[in-house]
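K.L.:
Dropping in structure_34.tsv, which is TSV, C-alpha atoms and all ligand atoms:
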chain	number	residue	atom	x	y	z
L	67	MET	CA	270.40	112.29	129.42
L	68	PRO	CA	267.13	111.04	127.94
L	69	ALA	CA	264.86	110.00	130.83
L	70	GLU	CA	263.65	106.98	128.86
L	71	LEU	CA	267.06	105.32	129.21
L	72	ASP	CA	266.71	105.45	132.95
L	73	VAL	CA	263.16	104.42	133.85
L	74	ASP	CA	262.63	103.09	137.34
L	75	PRO	CA	259.05	101.80	137.18
L	76	ARG	CA	258.78	101.79	140.99
L	77	THR	CA	259.15	105.56	141.29
L	78	PRO	CA	255.92	106.94	142.76
L	79	ILE	CA	253.87	108.95	140.27
L	80	PRO	CA	251.27	111.04	142.13
L	81	PRO	CA	248.29	112.37	140.15
L	82	SER	CA	249.84	115.86	140.21
L	83	GLU	CA	252.70	114.63	137.98
L	84	GLN	CA	250.43	113.06	135.38
L	85	PRO	CA	249.65	116.21	133.33
L	86	ALA	CA	253.33	116.88	132.48
L	87	ARG	CA	254.07	113.19	131.91
L	88	LEU	CA	251.01	112.78	129.69
L	89	ALA	CA	251.98	115.85	127.66
L	90	ARG	CA	255.36	114.23	126.88
L	91	LEU	CA	253.72	110.91	126.04
L	92	GLU	CA	251.14	112.58	123.83
L	93	ALA	CA	253.89	114.44	121.95
L	94	ALA	CA	255.80	111.17	121.41
L	95	VAL	CA	252.70	109.55	119.89
L	96	ARG	CA	251.82	112.63	117.83
L	97	ALA	CA	255.33	112.58	116.32
L	98	ARG	CA	254.35	109.22	114.79
L	99	THR	CA	250.67	109.49	113.85
L	100	ALA	CA	247.80	111.95	113.56
L	101	ILE	CA	245.13	109.29	114.22
L	102	VAL	CA	242.59	110.49	116.81
L	103	PRO	CA	241.14	107.34	118.39
L	104	ARG	CA	237.51	107.04	119.50
L	105	TYR	CA	238.12	103.91	121.55
L	106	GLY	CA	240.96	102.77	123.75
L	107	ILE	CA	241.19	99.00	124.15
L	108	VAL	CA	243.46	97.22	126.61
L	109	LEU	CA	244.21	93.66	125.50
L	110	GLY	CA	244.84	91.19	128.32
L	111	SER	CA	246.84	87.94	128.49
L	112	GLY	CA	246.58	85.98	125.25
L	113	LEU	CA	244.15	88.52	123.76
L	114	GLY	CA	246.69	90.36	121.65
L	115	GLY	CA	245.32	88.84	118.42
L	116	LEU	CA	242.98	91.80	117.90
L	117	ALA	CA	246.06	93.83	117.06
L	118	ASP	CA	246.40	91.77	113.85
L	119	ASP	CA	242.98	93.04	112.71
L	120	LEU	CA	244.07	96.67	112.86
L	121	ALA	CA	244.11	98.48	109.50
L	122	GLY	CA	247.05	100.82	108.86
L	123	PRO	CA	248.63	100.15	112.25
L	124	VAL	CA	251.24	102.39	113.80
L	125	ALA	CA	252.97	100.35	116.54
L	126	ILE	CA	254.98	102.03	119.29
L	127	PRO	CA	256.94	99.77	121.69
L	128	PHE	CA	256.52	100.79	125.35
L	129	ALA	CA	260.26	101.37	125.62
L	130	ASP	CA	259.98	104.13	122.96
L	131	LEU	CA	257.50	106.08	125.08
L	132	PRO	CA	258.97	108.49	127.63
L	133	GLY	CA	258.80	107.11	131.15
L	134	TRP	CA	257.55	103.65	130.18
L	135	PRO	CA	259.53	100.46	130.78
L	136	ALA	CA	259.39	97.46	128.46
L	137	ALA	CA	256.52	95.13	129.46
L	138	THR	CA	257.86	91.96	131.01
L	139	ALA	CA	255.00	89.51	131.68
L	140	PRO	CA	255.17	86.42	129.46
L	141	GLY	CA	252.37	86.64	126.87
L	142	HIS	CA	252.48	90.45	126.91
L	143	VAL	CA	254.14	92.10	123.94
L	144	GLY	CA	254.16	95.65	125.26
L	145	ARG	CA	253.22	98.14	122.56
L	146	LEU	CA	250.73	100.86	121.87
L	147	LEU	CA	249.02	100.60	118.48
L	148	LEU	CA	246.91	103.14	116.64
L	149	GLY	CA	244.90	102.25	113.57
L	150	HIS	CA	241.39	101.44	112.39
L	151	LEU	CA	239.04	98.64	113.43
L	152	GLU	CA	235.84	98.42	111.39
L	153	ARG	CA	236.87	101.77	109.87
L	154	THR	CA	236.83	103.37	113.32
L	155	PRO	CA	240.00	104.94	114.75
L	156	VAL	CA	241.19	103.11	117.86
L	157	VAL	CA	244.20	102.87	120.14
L	158	LEU	CA	245.15	99.43	121.47
L	159	LEU	CA	247.41	98.50	124.33
L	160	GLN	CA	248.93	95.14	123.50
L	161	GLY	CA	250.16	93.95	126.85
L	162	ARG	CA	249.81	96.13	129.92
L	163	LEU	CA	251.83	97.26	132.90
L	164	HIS	CA	251.04	95.23	136.03
L	165	LEU	CA	251.49	95.99	139.71
L	166	TYR	CA	253.11	92.59	140.26
L	167	GLU	CA	256.01	93.58	138.00
L	168	GLY	CA	256.81	96.24	140.58
L	169	ASN	CA	255.26	99.09	138.59
L	170	ASP	CA	253.94	102.05	140.52
L	171	PRO	CA	250.12	102.39	140.38
L	172	GLY	CA	250.53	105.76	138.65
L	173	LEU	CA	252.50	104.06	135.87
L	174	VAL	CA	250.04	101.16	135.62
L	175	VAL	CA	247.24	103.59	134.72
L	176	GLU	CA	249.19	105.87	132.41
L	177	PRO	CA	248.22	103.94	129.24
L	178	VAL	CA	244.50	104.54	129.78
L	179	LEU	CA	245.09	108.18	130.72
L	180	LEU	CA	247.14	108.55	127.54
L	181	MET	CA	244.36	106.96	125.48
L	182	GLY	CA	242.03	109.63	126.86
L	183	ARG	CA	244.53	112.39	126.04
L	184	LEU	CA	244.77	111.10	122.48
L	185	GLY	CA	241.00	111.45	122.08
L	186	ALA	CA	239.43	108.15	123.15
L	187	ALA	CA	236.26	108.84	125.16
L	188	THR	CA	235.54	105.16	125.76
L	189	ILE	CA	237.89	102.59	127.31
L	190	LEU	CA	237.38	98.84	126.92
L	191	LEU	CA	239.43	96.79	129.39
L	192	THR	CA	239.97	93.09	128.82
L	193	ASN	CA	241.71	90.55	131.01
L	194	ALA	CA	242.24	86.88	131.69
L	195	ALA	CA	240.64	85.79	134.95
L	196	GLY	CA	239.95	82.83	137.18
L	197	GLY	CA	236.31	81.80	137.63
L	198	ILE	CA	234.98	82.28	141.15
L	199	ASN	CA	231.32	81.80	140.26
L	200	PRO	CA	231.10	78.00	139.81
L	201	ALA	CA	228.92	78.54	136.73
L	202	PHE	CA	231.78	80.41	134.98
L	203	GLY	CA	234.08	77.71	133.59
L	204	ALA	CA	237.08	78.10	131.31
L	205	GLY	CA	236.08	79.88	128.11
L	206	THR	CA	233.35	82.03	129.72
L	207	LEU	CA	233.36	85.66	128.57
L	208	MET	CA	232.12	87.88	131.42
L	209	VAL	CA	231.06	91.49	131.06
L	210	ILE	CA	232.37	93.30	134.13
L	211	ALA	CA	229.43	94.75	136.05
L	212	ASP	CA	231.49	96.11	138.93
L	213	HIS	CA	234.76	95.44	140.69
L	214	LEU	CA	236.42	94.86	144.05
L	215	ASN	CA	239.77	96.64	144.27
L	216	LEU	CA	241.62	94.25	146.58
L	217	THR	CA	245.10	95.34	145.49
L	218	GLY	CA	245.44	97.65	148.48
L	219	ARG	CA	246.71	100.26	146.02
L	220	THR	CA	245.29	103.28	144.22
L	221	PRO	CA	246.60	105.40	141.34
L	222	LEU	CA	245.17	108.51	143.04
L	223	LEU	CA	247.48	108.69	146.05
L	224	GLY	CA	249.14	112.05	146.60
L	225	PRO	CA	248.40	115.58	145.43
L	226	ASN	CA	245.54	115.64	142.93
L	227	ALA	CA	245.60	117.03	139.39
L	228	ASP	CA	242.29	118.90	139.31
L	229	GLU	CA	242.67	119.52	135.58
L	230	ILE	CA	242.34	115.75	135.02
L	231	GLY	CA	239.75	114.79	137.61
L	232	PRO	CA	238.31	115.40	141.07
L	233	ARG	CA	239.99	114.55	144.36
L	234	PHE	CA	237.14	112.21	145.31
L	235	PRO	CA	235.88	110.55	142.14
L	236	ASP	CA	232.49	108.83	142.20
L	237	LEU	CA	232.65	105.08	141.50
L	238	THR	CA	228.93	104.33	141.65
L	239	ALA	CA	228.82	103.24	138.00
L	240	VAL	CA	232.38	102.51	136.91
L	241	TYR	CA	231.31	100.16	134.11
L	242	ALA	CA	228.69	102.09	132.13
L	243	ARG	CA	225.35	100.31	131.81
L	244	LYS	CA	224.83	101.39	128.22
L	245	LEU	CA	228.23	100.01	127.20
L	246	ARG	CA	227.51	96.74	129.01
L	247	GLU	CA	224.25	96.45	127.08
L	248	ARG	CA	226.11	97.15	123.85
L	249	LEU	CA	228.57	94.37	124.64
L	250	HIS	CA	225.70	91.92	125.15
L	251	SER	CA	224.03	92.95	121.88
L	252	ALA	CA	227.34	92.71	120.00
L	253	ALA	CA	227.76	89.15	121.31
L	254	ALA	CA	224.16	88.27	120.37
L	255	GLY	CA	224.93	89.54	116.86
L	256	GLU	CA	227.77	87.01	116.76
L	257	GLY	CA	225.53	84.21	118.06
L	258	MET	CA	227.15	84.23	121.50
L	259	GLU	CA	226.01	84.93	125.01
L	260	LEU	CA	228.13	86.76	127.56
L	261	ALA	CA	228.00	86.24	131.30
L	262	GLU	CA	228.10	89.25	133.61
L	263	GLY	CA	229.58	89.64	137.07
L	264	VAL	CA	231.93	91.24	139.58
L	265	TYR	CA	235.69	91.20	138.98
L	266	ALA	CA	238.03	91.09	141.96
L	267	GLY	CA	241.45	92.64	141.26
L	268	LEU	CA	244.33	91.32	143.39
L	269	LEU	CA	248.02	92.16	143.45
L	270	GLY	CA	249.30	88.71	142.37
L	271	PRO	CA	251.56	87.32	141.04
L	272	ALA	CA	250.78	84.08	142.88
L	273	TYR	CA	247.42	82.63	142.03
L	274	GLU	CA	244.98	82.45	144.95
L	275	THR	CA	244.76	79.74	147.57
L	276	PRO	CA	241.54	77.73	147.69
L	277	ALA	CA	240.68	79.55	150.95
L	278	GLU	CA	241.09	82.89	149.19
L	279	VAL	CA	238.88	81.67	146.35
L	280	ARG	CA	236.15	80.79	148.90
L	281	MET	CA	236.64	84.20	150.55
L	282	LEU	CA	236.27	85.96	147.18
L	283	ALA	CA	233.04	84.05	146.52
L	284	THR	CA	231.74	85.22	149.91
L	285	LEU	CA	232.71	88.80	149.09
L	286	GLY	CA	230.59	88.72	145.95
L	287	ALA	CA	233.25	88.20	143.28
L	288	ASP	CA	232.50	86.19	140.14
L	289	ALA	CA	236.00	86.31	138.65
L	290	VAL	CA	239.49	87.15	139.89
L	291	GLY	CA	242.57	88.58	138.22
L	292	MET	CA	245.62	90.80	138.62
L	293	SER	CA	244.76	93.88	136.58
L	294	THR	CA	241.98	96.20	135.38
L	295	VAL	CA	240.72	97.74	138.64
L	296	LEU	CA	243.29	100.56	138.86
L	297	GLU	CA	242.91	101.34	135.16
L	298	ALA	CA	239.13	101.55	135.58
L	299	ILE	CA	239.49	103.88	138.60
L	300	ALA	CA	241.89	106.20	136.76
L	301	ALA	CA	239.76	106.26	133.63
L	302	ARG	CA	236.68	107.26	135.62
L	303	TRP	CA	238.72	109.87	137.47
L	304	ALA	CA	239.63	111.33	134.08
L	305	GLY	CA	235.97	111.33	132.97
L	306	LEU	CA	236.26	108.50	130.46
L	307	GLU	CA	233.52	105.93	129.91
L	308	VAL	CA	234.59	102.43	130.87
L	309	CYS	CA	233.55	98.88	130.13
L	310	GLY	CA	235.33	95.57	130.53
L	311	VAL	CA	235.28	91.91	129.64
L	312	SER	CA	236.99	89.07	131.52
L	313	LEU	CA	237.97	85.95	129.68
L	314	VAL	CA	237.73	83.16	132.24
L	315	THR	CA	240.71	80.93	131.53
L	316	ASN	CA	240.37	78.53	134.46
L	317	ALA	CA	238.19	77.64	137.40
L	318	GLY	CA	239.40	79.31	140.61
L	319	ALA	CA	242.13	77.51	142.56
L	320	GLY	CA	240.84	74.49	144.44
L	321	TYR	CA	237.73	73.87	142.33
L	322	THR	CA	239.29	71.09	140.26
L	323	GLY	CA	241.98	69.78	142.61
L	324	GLN	CA	244.54	70.41	139.87
L	325	PRO	CA	247.31	73.05	140.11
L	326	LEU	CA	246.95	76.23	138.01
L	327	THR	CA	249.59	77.05	135.45
L	328	HIS	CA	250.31	80.16	133.40
L	329	GLU	CA	250.46	77.91	130.32
L	330	GLU	CA	246.86	76.81	130.94
L	331	VAL	CA	245.81	80.45	131.23
L	332	LEU	CA	247.54	81.32	127.93
L	333	ALA	CA	246.10	78.26	126.16
L	334	ALA	CA	242.55	79.15	127.22
L	335	GLY	CA	243.19	82.74	126.16
L	336	ALA	CA	244.35	81.52	122.76
L	337	GLU	CA	241.18	79.43	122.39
L	338	ALA	CA	238.68	82.07	123.53
L	339	GLY	CA	240.60	85.19	122.45
L	340	PRO	CA	239.31	85.08	118.86
L	341	ARG	CA	235.70	84.90	120.16
L	342	LEU	CA	236.27	87.99	122.28
L	343	ALA	CA	237.90	89.71	119.30
L	344	ARG	CA	234.73	89.06	117.26
L	345	VAL	CA	232.58	90.59	120.01
L	346	ILE	CA	234.82	93.66	120.16
L	347	ARG	CA	234.79	94.18	116.40
L	348	ARG	CA	231.00	93.91	116.34
L	349	PHE	CA	230.75	96.27	119.35
L	350	ILE	CA	232.69	98.88	117.39
L	351	LEU	CA	230.84	98.24	114.14
L	352	ASN	CA	227.45	98.63	115.88
L	353	SER	CA	228.44	101.94	117.43
L	354	ARG	CA	229.51	103.16	114.02
L	355	GLU	CA	226.18	102.17	112.50
L	356	SER	CA	224.13	103.64	115.35
L	357	GLY	CA	226.24	106.79	115.34
L	358	SER	CA	226.88	106.53	119.10
L	359	VAL	CA	230.27	106.96	120.65
K	401	LIG	N1	243.64	84.08	139.42
K	401	LIG	C1	244.16	85.30	139.19
K	401	LIG	N2	244.45	85.74	137.98
K	401	LIG	C2	244.19	84.95	136.94
K	401	LIG	C3	243.65	83.66	137.10
K	401	LIG	C4	243.36	83.21	138.42
K	401	LIG	O1	242.88	82.07	138.65
K	401	LIG	N3	243.51	83.13	135.86
K	401	LIG	C5	243.95	84.07	134.98
K	401	LIG	N4	244.36	85.18	135.63
Can you turn what I pasted into structure tokens?
Ligand code: HPA
P.N.:
Amino acid sequence: MPAELDVDPRTPIPPSEQPARLARLEAAVRARTAIVPRYGIVLGSGLGGLADDLAGPVAIPFADLPGWPAATAPGHVGRLLLGHLERTPVVLLQGRLHLYEGNDPGLVVEPVLLMGRLGAATILLTNAAGGINPAFGAGTLMVIADHLNLTGRTPLLGPNADEIGPRFPDLTAVYARKLRERLHSAAAGEGMELAEGVYAGLLGPAYETPAEVRMLATLGADAVGMSTVLEAIAARWAGLEVCGVSLVTNAGAGYTGQPLTHEEVLAAGAEAGPRLARVIRRFILNSRESGSV
């Protein structure tokens, strides 16, 4: 029986099982395309538009990849795409696997590990987030300087796979300074300015209470969301370079006195998504011109 017909996304995936799983995933992708990506880009809520800019795209629905379930969050399409952006080979994740859907942390991070296996040395994570820093209103694009993993979960639980990464990975500089600088210069080239700050990753799926928003501000967070942190940890474990951008879609709960809605988050993503897409295209174009990876 093909395993992909019978995926239980809650099944624990310890690091030690990742090498065999990634080998199967890599083979499934390689059966469809020979593109070797330089960048892996995870597109968050409402940010999927960048996929339309891809030249010569090969799109693989999650459900066609061994061990992956169909993505379920509204606003998330759920496919892996390989193609060229600014004549540079890239792999995009349109929609991602979230913890709040019941996915095991090991499954949540498999897309970024697969991107690395396929050849991407640099991972760019994007997400929609609530603004904790009062200066970061809806529409703010924030380069992630560092994160707080407040999910209470880790993708690295269980026996390690030393061939992928160390038992105790260093997280001193998860979001590479040189990539953060390149994001700022790409934005400047587009006549925009990016904010920068700390992203707090929570389990969700409920938005925060106003008391939790005040707590997050006290803890040093500038933005809050329900993704990204586990992917960043796994990517660093695997030796990949990481950067990230949060699209602030709303002020944190309690700041305006109005309830938060998923529709508001998607609408703000639709408004600001094209701006972030311009920054990403310029980021890739600049690296091509400077010859850096
Ligand atoms: N909180 C958590 N996740 C989010 C938010 C928020 O306010 N907005 C968009 N994603």
K.L.:
Determine the axis-aligned bounding box of all atoms of ligand LIG 401 (chain K) present in the file, pad each side by 4 Å, and express its centre and edge lengths in Å to one decimal place as JSON.
P.N.:
{"center_x": 243.7, "center_y": 83.9, "center_z": 137.2, "size_x": 9.6, "size_y": 11.7, "size_z": 12.4}
K.L.:
Write out, as a Markdown table, each residue of chain L that has an atom at most 6 Å from ligand LIG 401 (chain K), together with the closest pair of atoms and their distance in Å to one decimal, counting only C-alpha atoms and all ligand atoms, rows going by chain and rising number.
P.N.:
| residue | atom | partner | partner_atom | distance |
| --- | --- | --- | --- | --- |
| L:Ala194 | CA | K:LIG401 | C5 | 4.7 |
| L:Ala195 | CA | K:LIG401 | C5 | 3.7 |
| L:Gly196 | CA | K:LIG401 | O1 | 3.4 |
| L:Tyr273 | CA | K:LIG401 | N1 | 4.8 |
| L:Glu274 | CA | K:LIG401 | N1 | 5.9 |
| L:Val290 | CA | K:LIG401 | C1 | 5.1 |
| L:Gly291 | CA | K:LIG401 | N2 | 3.4 |
| L:Met292 | CA | K:LIG401 | N2 | 5.2 |
| L:Thr315 | CA | K:LIG401 | N3 | 5.6 |
| L:Asn316 | CA | K:LIG401 | N3 | 5.7 |
| L:Gly318 | CA | K:LIG401 | O1 | 4.9 |
| L:Val331 | CA | K:LIG401 | C5 | 5.5 |
K.L.:
What does the distance between CA of Ala227 (chain L) and CA of Pro81 (chain L) come to in Å, to one decimal place?
P.N.:
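CA of Pro81 (chain L) lies 5.4 Å from CA of Ala227 (chain L).
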K.L.:
Quick one: of L:Arg347, L:Pro75, L:Glu259, L:Gly320, who's nearest to Leu120 (chain L), counting all atoms listed in the file?
P.N.:
L:Arg347
K.L.:
Restricting the calculation to all atoms listed in the file, which member of L:Leu88, L:Ala239, L:Ala253, L:Leu313 is positioned closest to Ala334 (chain L)?
P.N.:
L:Leu313
K.L.:
Which one of L:Ser293, L:Thr154, L:Thr275, L:Thr284 sits closest to Ile350 (chain L) if you count only C-alpha atoms?
P.N.:
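Closest candidate: L:Thr154.
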